[in-house]
$ cat data-v6.cif   # mmCIF, C-alpha atoms; chains and numbers go by the auth columns
data_model
loop_
_atom_site.group_PDB
_atom_site.id
_atom_site.type_symbol
_atom_site.label_atom_id
_atom_site.label_comp_id
_atom_site.label_asym_id
_atom_site.label_seq_id
_atom_site.Cartn_x
_atom_site.Cartn_y
_atom_site.Cartn_z
_atom_site.B_iso_or_equiv
_atom_site.auth_seq_id
_atom_site.auth_asym_id
ATOM 1 C CA MET A 1 125.005 75.543 148.243 0.00 1 A
ATOM 2 C CA LYS A 2 126.851 78.604 146.922 0.00 2 A
ATOM 3 C CA GLN A 3 123.810 79.550 144.856 0.00 3 A
ATOM 4 C CA ILE A 4 121.539 79.409 147.898 0.00 4 A
ATOM 5 C CA LEU A 5 123.959 81.539 149.899 0.00 5 A
ATOM 6 C CA LEU A 6 124.200 84.033 147.053 0.00 6 A
ATOM 7 C CA LEU A 7 120.406 84.237 146.763 0.00 7 A
ATOM 8 C CA MET A 8 120.098 84.789 150.503 0.00 8 A
ATOM 9 C CA MET A 9 122.654 87.602 150.381 0.00 9 A
ATOM 10 C CA VAL A 10 120.851 89.271 147.484 0.00 10 A
ATOM 11 C CA PHE A 11 117.555 88.961 149.361 0.00 11 A
ATOM 12 C CA VAL A 12 118.966 90.504 152.545 0.00 12 A
ATOM 13 C CA LEU A 13 120.748 93.301 150.699 0.00 13 A
ATOM 14 C CA SER A 14 117.626 94.165 148.745 0.00 14 A
ATOM 15 C CA PHE A 15 116.080 95.324 152.023 0.00 15 A
ATOM 16 C CA ALA A 16 119.127 97.327 153.095 0.00 16 A
ATOM 17 C CA ASP A 17 117.789 100.817 152.669 0.00 17 A
ATOM 18 C CA THR A 18 117.683 104.095 154.561 0.00 18 A
ATOM 19 C CA GLU A 19 115.281 102.660 157.113 0.00 19 A
ATOM 20 C CA PHE A 20 118.363 101.073 158.694 0.00 20 A
ATOM 21 C CA ALA A 21 120.416 104.277 158.551 0.00 21 A
ATOM 22 C CA GLU A 22 120.960 106.026 161.853 0.00 22 A
ATOM 23 C CA PRO A 23 120.225 108.752 162.412 0.00 23 A
ATOM 24 C CA LYS A 24 117.388 108.819 159.949 0.00 24 A
ATOM 25 C CA PRO A 25 117.137 111.908 157.747 0.00 25 A
ATOM 26 C CA SER A 26 114.547 114.419 158.931 0.00 26 A
ATOM 27 C CA ILE A 27 113.718 118.104 158.770 0.00 27 A
ATOM 28 C CA ASP A 28 115.886 118.622 161.867 0.00 28 A
ATOM 29 C CA ASN A 29 118.656 116.312 160.643 0.00 29 A
ATOM 30 C CA PRO A 30 118.668 116.365 156.828 0.00 30 A
ATOM 31 C CA ARG A 31 121.194 114.629 154.623 0.00 31 A
ATOM 32 C CA LYS A 32 123.577 117.264 153.238 0.00 32 A
ATOM 33 C CA ILE A 33 124.907 116.539 149.772 0.00 33 A
ATOM 34 C CA VAL A 34 127.107 118.630 147.502 0.00 34 A
ATOM 35 C CA PHE A 35 127.592 117.978 143.796 0.00 35 A
ATOM 36 C CA PRO A 36 130.198 119.675 141.589 0.00 36 A
ATOM 37 C CA ILE A 37 129.631 120.467 137.931 0.00 37 A
ATOM 38 C CA THR A 38 132.943 121.033 136.158 0.00 38 A
ATOM 39 C CA LYS A 39 132.150 120.013 132.583 0.00 39 A
ATOM 40 C CA GLY A 40 130.152 122.118 130.161 0.00 40 A
ATOM 41 C CA ASP A 41 128.620 119.511 127.867 0.00 41 A
ATOM 42 C CA ASP A 42 124.884 118.821 128.020 0.00 42 A
ATOM 43 C CA GLU A 43 125.318 115.182 129.018 0.00 43 A
ATOM 44 C CA SER A 44 127.511 115.960 132.045 0.00 44 A
ATOM 45 C CA ILE A 45 125.313 118.821 133.226 0.00 45 A
ATOM 46 C CA ASN A 46 122.086 116.850 132.836 0.00 46 A
ATOM 47 C CA HIS A 47 123.604 113.847 134.599 0.00 47 A
ATOM 48 C CA VAL A 48 124.368 115.894 137.724 0.00 48 A
ATOM 49 C CA LEU A 49 120.991 117.667 137.668 0.00 49 A
ATOM 50 C CA SER A 50 119.202 114.318 137.292 0.00 50 A
ATOM 51 C CA SER A 51 121.274 112.780 140.086 0.00 51 A
ATOM 52 C CA ALA A 52 120.403 115.661 142.409 0.00 52 A
ATOM 53 C CA ASN A 53 116.732 115.301 141.491 0.00 53 A
ATOM 54 C CA ASN A 54 116.838 111.547 142.156 0.00 54 A
ATOM 55 C CA VAL A 55 118.450 112.064 145.571 0.00 55 A
ATOM 56 C CA MET A 56 115.810 114.648 146.441 0.00 56 A
ATOM 57 C CA LYS A 57 112.992 112.329 145.351 0.00 57 A
ATOM 58 C CA PHE A 58 114.444 109.441 147.358 0.00 58 A
ATOM 59 C CA TYR A 59 114.816 111.305 150.665 0.00 59 A
ATOM 60 C CA GLY A 60 112.052 113.843 150.128 0.00 60 A
ATOM 61 C CA PRO A 61 112.824 117.546 149.710 0.00 61 A
ATOM 62 C CA GLU A 62 112.256 118.213 153.409 0.00 62 A
ATOM 63 C CA ASN A 63 114.870 115.621 154.454 0.00 63 A
ATOM 64 C CA VAL A 64 117.809 116.657 152.275 0.00 64 A
ATOM 65 C CA GLU A 65 119.880 119.761 151.604 0.00 65 A
ATOM 66 C CA ILE A 66 121.526 119.810 148.189 0.00 66 A
ATOM 67 C CA ALA A 67 124.130 122.236 146.890 0.00 67 A
ATOM 68 C CA ILE A 68 125.460 122.221 143.333 0.00 68 A
ATOM 69 C CA ILE A 69 128.745 124.060 142.860 0.00 69 A
ATOM 70 C CA CYS A 70 129.609 125.065 139.298 0.00 70 A
ATOM 71 C CA TYR A 71 133.112 125.964 138.241 0.00 71 A
ATOM 72 C CA SER A 72 135.389 125.665 135.237 0.00 72 A
ATOM 73 C CA LYS A 73 133.327 124.767 132.158 0.00 73 A
ATOM 74 C CA GLY A 74 130.451 123.726 134.425 0.00 74 A
ATOM 75 C CA ILE A 75 129.627 127.406 134.978 0.00 75 A
ATOM 76 C CA ARG A 76 127.614 127.097 131.751 0.00 76 A
ATOM 77 C CA THR A 77 124.941 125.434 133.904 0.00 77 A
ATOM 78 C CA LEU A 78 124.152 128.777 135.519 0.00 78 A
ATOM 79 C CA LEU A 79 124.021 131.051 132.480 0.00 79 A
ATOM 80 C CA LYS A 80 120.671 132.687 131.666 0.00 80 A
ATOM 81 C CA LYS A 81 121.287 132.273 127.946 0.00 81 A
ATOM 82 C CA GLU A 82 121.285 128.468 128.318 0.00 82 A
ATOM 83 C CA LYS A 83 117.482 128.348 128.273 0.00 83 A
ATOM 84 C CA LYS A 84 116.914 124.558 128.465 0.00 84 A
ATOM 85 C CA ILE A 85 119.344 124.112 131.332 0.00 85 A
ATOM 86 C CA ALA A 86 117.982 127.209 133.095 0.00 86 A
ATOM 87 C CA VAL A 87 114.509 125.634 133.207 0.00 87 A
ATOM 88 C CA ARG A 88 115.907 122.600 135.053 0.00 88 A
ATOM 89 C CA VAL A 89 117.945 124.769 137.420 0.00 89 A
ATOM 90 C CA ARG A 90 114.927 126.923 138.291 0.00 90 A
ATOM 91 C CA SER A 91 112.853 123.793 138.879 0.00 91 A
ATOM 92 C CA LEU A 92 115.401 122.466 141.381 0.00 92 A
ATOM 93 C CA GLN A 93 115.617 125.896 143.018 0.00 93 A
ATOM 94 C CA THR A 94 111.909 125.673 143.848 0.00 94 A
ATOM 95 C CA TYR A 95 112.892 122.758 146.113 0.00 95 A
ATOM 96 C CA ASP A 96 115.622 124.866 147.767 0.00 96 A
ATOM 97 C CA VAL A 97 118.517 123.264 145.908 0.00 97 A
ATOM 98 C CA GLU A 98 121.398 125.749 146.180 0.00 98 A
ATOM 99 C CA PHE A 99 123.312 126.685 143.055 0.00 99 A
ATOM 100 C CA ILE A 100 126.732 128.197 143.598 0.00 100 A
ATOM 101 C CA ALA A 101 128.999 129.851 141.028 0.00 101 A
ATOM 102 C CA CYS A 102 132.770 130.099 141.285 0.00 102 A
ATOM 103 C CA GLY A 103 133.889 133.731 141.266 0.00 103 A
ATOM 104 C CA ASN A 104 137.345 132.790 139.981 0.00 104 A
ATOM 105 C CA THR A 105 135.810 131.038 136.973 0.00 105 A
ATOM 106 C CA MET A 106 133.500 133.980 136.356 0.00 106 A
ATOM 107 C CA ARG A 107 136.414 136.410 136.395 0.00 107 A
ATOM 108 C CA THR A 108 138.524 134.202 134.099 0.00 108 A
ATOM 109 C CA LEU A 109 135.683 133.734 131.593 0.00 109 A
ATOM 110 C CA LYS A 110 134.483 137.355 131.944 0.00 110 A
ATOM 111 C CA ILE A 111 131.039 136.327 133.182 0.00 111 A
ATOM 112 C CA LYS A 112 129.120 139.028 135.041 0.00 112 A
ATOM 113 C CA PRO A 113 126.670 138.344 137.895 0.00 113 A
ATOM 114 C CA GLU A 114 123.815 139.554 135.684 0.00 114 A
ATOM 115 C CA ASP A 115 124.662 136.775 133.194 0.00 115 A
ATOM 116 C CA LEU A 116 123.628 134.191 135.785 0.00 116 A
ATOM 117 C CA ILE A 117 120.221 132.760 136.609 0.00 117 A
ATOM 118 C CA GLU A 118 118.550 134.501 139.550 0.00 118 A
ATOM 119 C CA ASP A 119 119.246 133.330 143.106 0.00 119 A
ATOM 120 C CA VAL A 120 122.659 131.854 142.335 0.00 120 A
ATOM 121 C CA GLU A 121 125.199 132.417 145.090 0.00 121 A
ATOM 122 C CA ILE A 122 128.668 133.525 144.015 0.00 122 A
ATOM 123 C CA VAL A 123 131.640 132.391 146.099 0.00 123 A
ATOM 124 C CA THR A 124 135.288 133.330 145.693 0.00 124 A
ATOM 125 C CA ALA A 125 136.434 129.811 144.785 0.00 125 A
ATOM 126 C CA GLY A 126 134.249 126.808 143.979 0.00 126 A
ATOM 127 C CA ILE A 127 136.845 124.273 145.086 0.00 127 A
ATOM 128 C CA VAL A 128 137.276 126.003 148.449 0.00 128 A
ATOM 129 C CA GLU A 129 133.487 125.899 148.895 0.00 129 A
ATOM 130 C CA LEU A 130 133.599 122.122 148.310 0.00 130 A
ATOM 131 C CA VAL A 131 136.340 121.769 150.929 0.00 131 A
ATOM 132 C CA GLU A 132 134.449 123.870 153.475 0.00 132 A
ATOM 133 C CA ARG A 133 131.217 121.945 152.957 0.00 133 A
ATOM 134 C CA ASP A 134 133.100 118.668 153.339 0.00 134 A
ATOM 135 C CA LEU A 135 134.553 119.891 156.638 0.00 135 A
ATOM 136 C CA LYS A 136 131.012 120.743 157.784 0.00 136 A
ATOM 137 C CA GLY A 137 129.858 117.176 157.142 0.00 137 A
ATOM 138 C CA TRP A 138 128.378 117.494 153.671 0.00 138 A
ATOM 139 C CA VAL A 139 128.669 114.367 151.521 0.00 139 A
ATOM 140 C CA TYR A 140 130.560 115.012 148.284 0.00 140 A
ATOM 141 C CA ILE A 141 129.162 113.132 145.293 0.00 141 A
ATOM 142 C CA ARG A 142 130.623 113.254 141.823 0.00 142 A
ATOM 143 C CA PRO A 143 128.256 111.272 139.579 0.00 143 A
#
$ encode --input "data-v6.cif" --output "structure tokens"
Amino acid sequence: MKQILLLMMVFVLSFADTEFAEPKPSIDNPRKIVFPITKGDDESINHVLSSANNVMKFYGPENVEIAIICYSKGIRTLLKKEKKIAVRVRSLQTYDVEFIACGNTMRTLKIKPEDLIEDVEIVTAGIVELVERDLKGWVYIRP
């Protein structure tokens, strides 16, 4: 009996998807998701970039707004000299994914705006940007 109940629950949950979410994501009402990158190793950076890409694929680029805020060692994500990572960042930018650099981190690490990939927004403090986005209804995801 327990096995049948368990199978039924698995079956029902397998259909629980965004089609039941209200309101549904749309161009006028997109999902808003913010990811931080705080670690500078390849695995951590690629994990966040892949997660953002997967979210975008799931909802469709027209139904989601994604911002990636880089601070601390994660600022490495946005450096021009990091060629392999820069290719992935530019690819996501073509789908309007926002990349945001922490000005405090840049000042501490002596990184100049010209050291960053094009079209990266610089804010005073990355953590404050996360707080403000959260207050505006953005979903914070730390993969």
$ resolve_selection --input "data-v6.cif" --expression "the PyMOL selection byres ((chain A and resi 116) around 7)" --output "PyMOL selection string"
chain A and resi 78-80+113-115+117-118
$ write_last_selection --input "data-v6.cif" --atoms "C-alpha atoms" --output "compact mmCIF listing (two decimals), in the frame of the given file"
# COMPACT_ATOMS: atom_id res chain seq x y z
CA LEU A 78 124.15 128.78 135.52
CA LEU A 79 124.02 131.05 132.48
CA LYS A 80 120.67 132.69 131.67
CA PRO A 113 126.67 138.34 137.90
CA GLU A 114 123.82 139.55 135.68
CA ASP A 115 124.66 136.78 133.19
CA ILE A 117 120.22 132.76 136.61
CA GLU A 118 118.55 134.50 139.55
$ residues_around --input "data-v6.cif" --residues "Asp42 in chain A" --least-positions-apart "4" --cutoff "10 Å" --atoms "all atoms listed in the file" --output "list in words"
Asn46, His47, Gly74, Arg76, Thr77, Lys84 and Ile85 of chain A
$ write_last_selection --input "data-v6.cif" --atoms "C-alpha atoms" --output "CSV table (one decimal), in the frame of the given file"
chain,number,residue,atom,x,y,z
A,46,ASN,CA,122.1,116.8,132.8
A,47,HIS,CA,123.6,113.8,134.6
A,74,GLY,CA,130.5,123.7,134.4
A,76,ARG,CA,127.6,127.1,131.8
A,77,THR,CA,124.9,125.4,133.9
A,84,LYS,CA,116.9,124.6,128.5
A,85,ILE,CA,119.3,124.1,131.3
$ residues_around --input "data-v6.cif" --residues "range 21-35 of chain A" --least-positions-apart "3" --cutoff "12 Å" --atoms "all atoms listed in the file" --output "ChimeraX atom specification"
/A:15-18,38,44-45,47-53,55-56,58-71,74,97-100,126-127,129-143
$ write_last_selection --input "data-v6.cif" --atoms "C-alpha atoms" --output "short mmCIF file (atom, residue, chain, number, x, y, z; two decimals), in the frame of the given file"
data_model
loop_
_atom_site.label_atom_id
_atom_site.label_comp_id
_atom_site.auth_asym_id
_atom_site.auth_seq_id
_atom_site.Cartn_x
_atom_site.Cartn_y
_atom_site.Cartn_z
CA PHE A 15 116.08 95.32 152.02
CA ALA A 16 119.13 97.33 153.10
CA ASP A 17 117.79 100.82 152.67
CA THR A 18 117.68 104.10 154.56
CA THR A 38 132.94 121.03 136.16
CA SER A 44 127.51 115.96 132.04
CA ILE A 45 125.31 118.82 133.23
CA HIS A 47 123.60 113.85 134.60
CA VAL A 48 124.37 115.89 137.72
CA LEU A 49 120.99 117.67 137.67
CA SER A 50 119.20 114.32 137.29
CA SER A 51 121.27 112.78 140.09
CA ALA A 52 120.40 115.66 142.41
CA ASN A 53 116.73 115.30 141.49
CA VAL A 55 118.45 112.06 145.57
CA MET A 56 115.81 114.65 146.44
CA PHE A 58 114.44 109.44 147.36
CA TYR A 59 114.82 111.30 150.66
CA GLY A 60 112.05 113.84 150.13
CA PRO A 61 112.82 117.55 149.71
CA GLU A 62 112.26 118.21 153.41
CA ASN A 63 114.87 115.62 154.45
CA VAL A 64 117.81 116.66 152.28
CA GLU A 65 119.88 119.76 151.60
CA ILE A 66 121.53 119.81 148.19
CA ALA A 67 124.13 122.24 146.89
CA ILE A 68 125.46 122.22 143.33
CA ILE A 69 128.74 124.06 142.86
CA CYS A 70 129.61 125.06 139.30
CA TYR A 71 133.11 125.96 138.24
CA GLY A 74 130.45 123.73 134.43
CA VAL A 97 118.52 123.26 145.91
CA GLU A 98 121.40 125.75 146.18
CA PHE A 99 123.31 126.68 143.06
CA ILE A 100 126.73 128.20 143.60
CA GLY A 126 134.25 126.81 143.98
CA ILE A 127 136.84 124.27 145.09
CA GLU A 129 133.49 125.90 148.90
CA LEU A 130 133.60 122.12 148.31
CA VAL A 131 136.34 121.77 150.93
CA GLU A 132 134.45 123.87 153.48
CA ARG A 133 131.22 121.94 152.96
CA ASP A 134 133.10 118.67 153.34
CA LEU A 135 134.55 119.89 156.64
CA LYS A 136 131.01 120.74 157.78
CA GLY A 137 129.86 117.18 157.14
CA TRP A 138 128.38 117.49 153.67
CA VAL A 139 128.67 114.37 151.52
CA TYR A 140 130.56 115.01 148.28
CA ILE A 141 129.16 113.13 145.29
CA ARG A 142 130.62 113.25 141.82
CA PRO A 143 128.26 111.27 139.58
#
$ closest_residue --input "data-v6.cif" --among "A:Asp41, A:Thr124, A:Lys57, A:Asp119" --to "Gln93 in chain A" --atoms "only C-alpha atoms"
A:Asp119
$ atom_distance --input "data-v6.cif" --atom1 "CA of Glu121 in chain A" --atom2 "CA of Ala101 in chain A"
6.1 Å
$ atom_distance --input "data-v6.cif" --atom1 "CA of Leu92 in chain A" --atom2 "CA of Ala125 in chain A"
22.5 Å
$ closest_residue --input "data-v6.cif" --among "A:Gly40, A:Thr94, A:Met106, A:Asn54" --to "Glu82 in chain A" --atoms "all atoms listed in the file"
A:Gly40
$ atom_distance --input "data-v6.cif" --atom1 "CA of Pro36 in chain A" --atom2 "CA of Gly103 in chain A"
14.5 Å
$ decode --input "data-v6.cif" --residues "range 82-117 of chain A" --atoms "N, CA and C atoms" --output "PDB file, in the first residue's frame"
ATOM      1  N   GLU A  82      40.480  36.901 -18.906  1.00  0.00           N
ATOM      2  CA  GLU A  82      40.004  35.524 -18.697  1.00  0.00           C
ATOM      3  C   GLU A  82      39.216  35.103 -19.943  1.00  0.00           C
ATOM      4  N   LYS A  83      39.928  34.797 -20.993  1.00  0.00           N
ATOM      5  CA  LYS A  83      39.346  34.599 -22.329  1.00  0.00           C
ATOM      6  C   LYS A  83      38.231  33.549 -22.384  1.00  0.00           C
ATOM      7  N   LYS A  84      38.446  32.376 -21.791  1.00  0.00           N
ATOM      8  CA  LYS A  84      37.431  31.307 -21.861  1.00  0.00           C
ATOM      9  C   LYS A  84      36.143  31.718 -21.155  1.00  0.00           C
ATOM     10  N   ILE A  85      36.297  32.326 -19.992  1.00  0.00           N
ATOM     11  CA  ILE A  85      35.115  32.764 -19.247  1.00  0.00           C
ATOM     12  C   ILE A  85      34.432  33.907 -19.991  1.00  0.00           C
ATOM     13  N   ALA A  86      35.224  34.812 -20.561  1.00  0.00           N
ATOM     14  CA  ALA A  86      34.671  35.960 -21.282  1.00  0.00           C
ATOM     15  C   ALA A  86      33.773  35.522 -22.436  1.00  0.00           C
ATOM     16  N   VAL A  87      34.130  34.440 -23.105  1.00  0.00           N
ATOM     17  CA  VAL A  87      33.297  33.924 -24.203  1.00  0.00           C
ATOM     18  C   VAL A  87      31.913  33.541 -23.676  1.00  0.00           C
ATOM     19  N   ARG A  88      31.870  32.876 -22.543  1.00  0.00           N
ATOM     20  CA  ARG A  88      30.583  32.465 -21.951  1.00  0.00           C
ATOM     21  C   ARG A  88      29.778  33.678 -21.495  1.00  0.00           C
ATOM     22  N   VAL A  89      30.465  34.647 -20.894  1.00  0.00           N
ATOM     23  CA  VAL A  89      29.779  35.858 -20.435  1.00  0.00           C
ATOM     24  C   VAL A  89      29.168  36.588 -21.624  1.00  0.00           C
ATOM     25  N   ARG A  90      29.945  36.777 -22.674  1.00  0.00           N
ATOM     26  CA  ARG A  90      29.433  37.480 -23.864  1.00  0.00           C
ATOM     27  C   ARG A  90      28.254  36.735 -24.483  1.00  0.00           C
ATOM     28  N   SER A  91      28.310  35.414 -24.469  1.00  0.00           N
ATOM     29  CA  SER A  91      27.200  34.622 -24.999  1.00  0.00           C
ATOM     30  C   SER A  91      25.921  34.895 -24.206  1.00  0.00           C
ATOM     31  N   LEU A  92      26.021  34.895 -22.887  1.00  0.00           N
ATOM     32  CA  LEU A  92      24.843  35.177 -22.058  1.00  0.00           C
ATOM     33  C   LEU A  92      24.375  36.620 -22.229  1.00  0.00           C
ATOM     34  N   GLN A  93      25.306  37.539 -22.449  1.00  0.00           N
ATOM     35  CA  GLN A  93      24.923  38.933 -22.670  1.00  0.00           C
ATOM     36  C   GLN A  93      24.070  39.093 -23.926  1.00  0.00           C
ATOM     37  N   THR A  94      24.281  38.247 -24.920  1.00  0.00           N
ATOM     38  CA  THR A  94      23.463  38.345 -26.135  1.00  0.00           C
ATOM     39  C   THR A  94      21.999  38.036 -25.847  1.00  0.00           C
ATOM     40  N   TYR A  95      21.730  37.377 -24.725  1.00  0.00           N
ATOM     41  CA  TYR A  95      20.359  37.094 -24.292  1.00  0.00           C
ATOM     42  C   TYR A  95      19.920  38.053 -23.191  1.00  0.00           C
ATOM     43  N   ASP A  96      20.600  39.189 -23.092  1.00  0.00           N
ATOM     44  CA  ASP A  96      20.277  40.250 -22.132  1.00  0.00           C
ATOM     45  C   ASP A  96      20.484  39.871 -20.675  1.00  0.00           C
ATOM     46  N   VAL A  97      21.340  38.895 -20.407  1.00  0.00           N
ATOM     47  CA  VAL A  97      21.716  38.619 -19.023  1.00  0.00           C
ATOM     48  C   VAL A  97      22.613  39.773 -18.577  1.00  0.00           C
ATOM     49  N   GLU A  98      22.268  40.379 -17.435  1.00  0.00           N
ATOM     50  CA  GLU A  98      23.045  41.491 -16.893  1.00  0.00           C
ATOM     51  C   GLU A  98      24.231  40.962 -16.097  1.00  0.00           C
ATOM     52  N   PHE A  99      25.377  41.562 -16.285  1.00  0.00           N
ATOM     53  CA  PHE A  99      26.541  41.250 -15.468  1.00  0.00           C
ATOM     54  C   PHE A  99      26.930  42.516 -14.730  1.00  0.00           C
ATOM     55  N   ILE A 100      27.090  42.374 -13.417  1.00  0.00           N
ATOM     56  CA  ILE A 100      27.299  43.524 -12.548  1.00  0.00           C
ATOM     57  C   ILE A 100      28.557  43.297 -11.714  1.00  0.00           C
ATOM     58  N   ALA A 101      29.425  44.299 -11.703  1.00  0.00           N
ATOM     59  CA  ALA A 101      30.676  44.233 -10.944  1.00  0.00           C
ATOM     60  C   ALA A 101      30.569  45.103  -9.698  1.00  0.00           C
ATOM     61  N   CYS A 102      31.163  44.632  -8.632  1.00  0.00           N
ATOM     62  CA  CYS A 102      31.198  45.360  -7.365  1.00  0.00           C
ATOM     63  C   CYS A 102      32.337  46.385  -7.393  1.00  0.00           C
ATOM     64  N   GLY A 103      31.980  47.656  -7.265  1.00  0.00           N
ATOM     65  CA  GLY A 103      32.984  48.713  -7.251  1.00  0.00           C
ATOM     66  C   GLY A 103      33.934  48.612  -6.071  1.00  0.00           C
ATOM     67  N   ASN A 104      33.425  48.193  -4.916  1.00  0.00           N
ATOM     68  CA  ASN A 104      34.298  48.035  -3.745  1.00  0.00           C
ATOM     69  C   ASN A 104      35.371  46.981  -4.001  1.00  0.00           C
ATOM     70  N   THR A 105      34.969  45.862  -4.591  1.00  0.00           N
ATOM     71  CA  THR A 105      35.936  44.809  -4.922  1.00  0.00           C
ATOM     72  C   THR A 105      36.950  45.321  -5.939  1.00  0.00           C
ATOM     73  N   MET A 106      36.464  46.042  -6.937  1.00  0.00           N
ATOM     74  CA  MET A 106      37.368  46.568  -7.961  1.00  0.00           C
ATOM     75  C   MET A 106      38.407  47.499  -7.343  1.00  0.00           C
ATOM     76  N   ARG A 107      37.961  48.366  -6.449  1.00  0.00           N
ATOM     77  CA  ARG A 107      38.886  49.292  -5.797  1.00  0.00           C
ATOM     78  C   ARG A 107      39.907  48.528  -4.944  1.00  0.00           C
ATOM     79  N   THR A 108      39.427  47.555  -4.176  1.00  0.00           N
ATOM     80  CA  THR A 108      40.314  46.771  -3.305  1.00  0.00           C
ATOM     81  C   THR A 108      41.365  46.008  -4.108  1.00  0.00           C
ATOM     82  N   LEU A 109      40.932  45.421  -5.238  1.00  0.00           N
ATOM     83  CA  LEU A 109      41.844  44.608  -6.054  1.00  0.00           C
ATOM     84  C   LEU A 109      42.536  45.406  -7.162  1.00  0.00           C
ATOM     85  N   LYS A 110      42.299  46.730  -7.163  1.00  0.00           N
ATOM     86  CA  LYS A 110      42.904  47.634  -8.150  1.00  0.00           C
ATOM     87  C   LYS A 110      42.556  47.232  -9.588  1.00  0.00           C
ATOM     88  N   ILE A 111      41.286  46.931  -9.790  1.00  0.00           N
ATOM     89  CA  ILE A 111      40.777  46.598 -11.125  1.00  0.00           C
ATOM     90  C   ILE A 111      40.138  47.853 -11.705  1.00  0.00           C
ATOM     91  N   LYS A 112      40.526  48.196 -12.922  1.00  0.00           N
ATOM     92  CA  LYS A 112      39.982  49.381 -13.587  1.00  0.00           C
ATOM     93  C   LYS A 112      38.797  48.981 -14.471  1.00  0.00           C
ATOM     94  N   PRO A 113      37.885  49.911 -14.735  1.00  0.00           N
ATOM     95  CA  PRO A 113      36.745  49.599 -15.608  1.00  0.00           C
ATOM     96  C   PRO A 113      37.173  49.030 -16.962  1.00  0.00           C
ATOM     97  N   GLU A 114      38.280  49.505 -17.491  1.00  0.00           N
ATOM     98  CA  GLU A 114      38.741  49.013 -18.798  1.00  0.00           C
ATOM     99  C   GLU A 114      39.272  47.582 -18.742  1.00  0.00           C
ATOM    100  N   ASP A 115      39.464  47.047 -17.542  1.00  0.00           N
ATOM    101  CA  ASP A 115      39.879  45.645 -17.381  1.00  0.00           C
ATOM    102  C   ASP A 115      38.702  44.679 -17.538  1.00  0.00           C
ATOM    103  N   LEU A 116      37.492  45.235 -17.509  1.00  0.00           N
ATOM    104  CA  LEU A 116      36.288  44.406 -17.551  1.00  0.00           C
ATOM    105  C   LEU A 116      35.794  44.189 -18.977  1.00  0.00           C
ATOM    106  N   ILE A 117      35.054  43.123 -19.151  1.00  0.00           N
ATOM    107  CA  ILE A 117      34.358  42.838 -20.407  1.00  0.00           C
ATOM    108  C   ILE A 117      33.399  43.995 -20.688  1.00  0.00           C
TER     109      ILE A 117
END
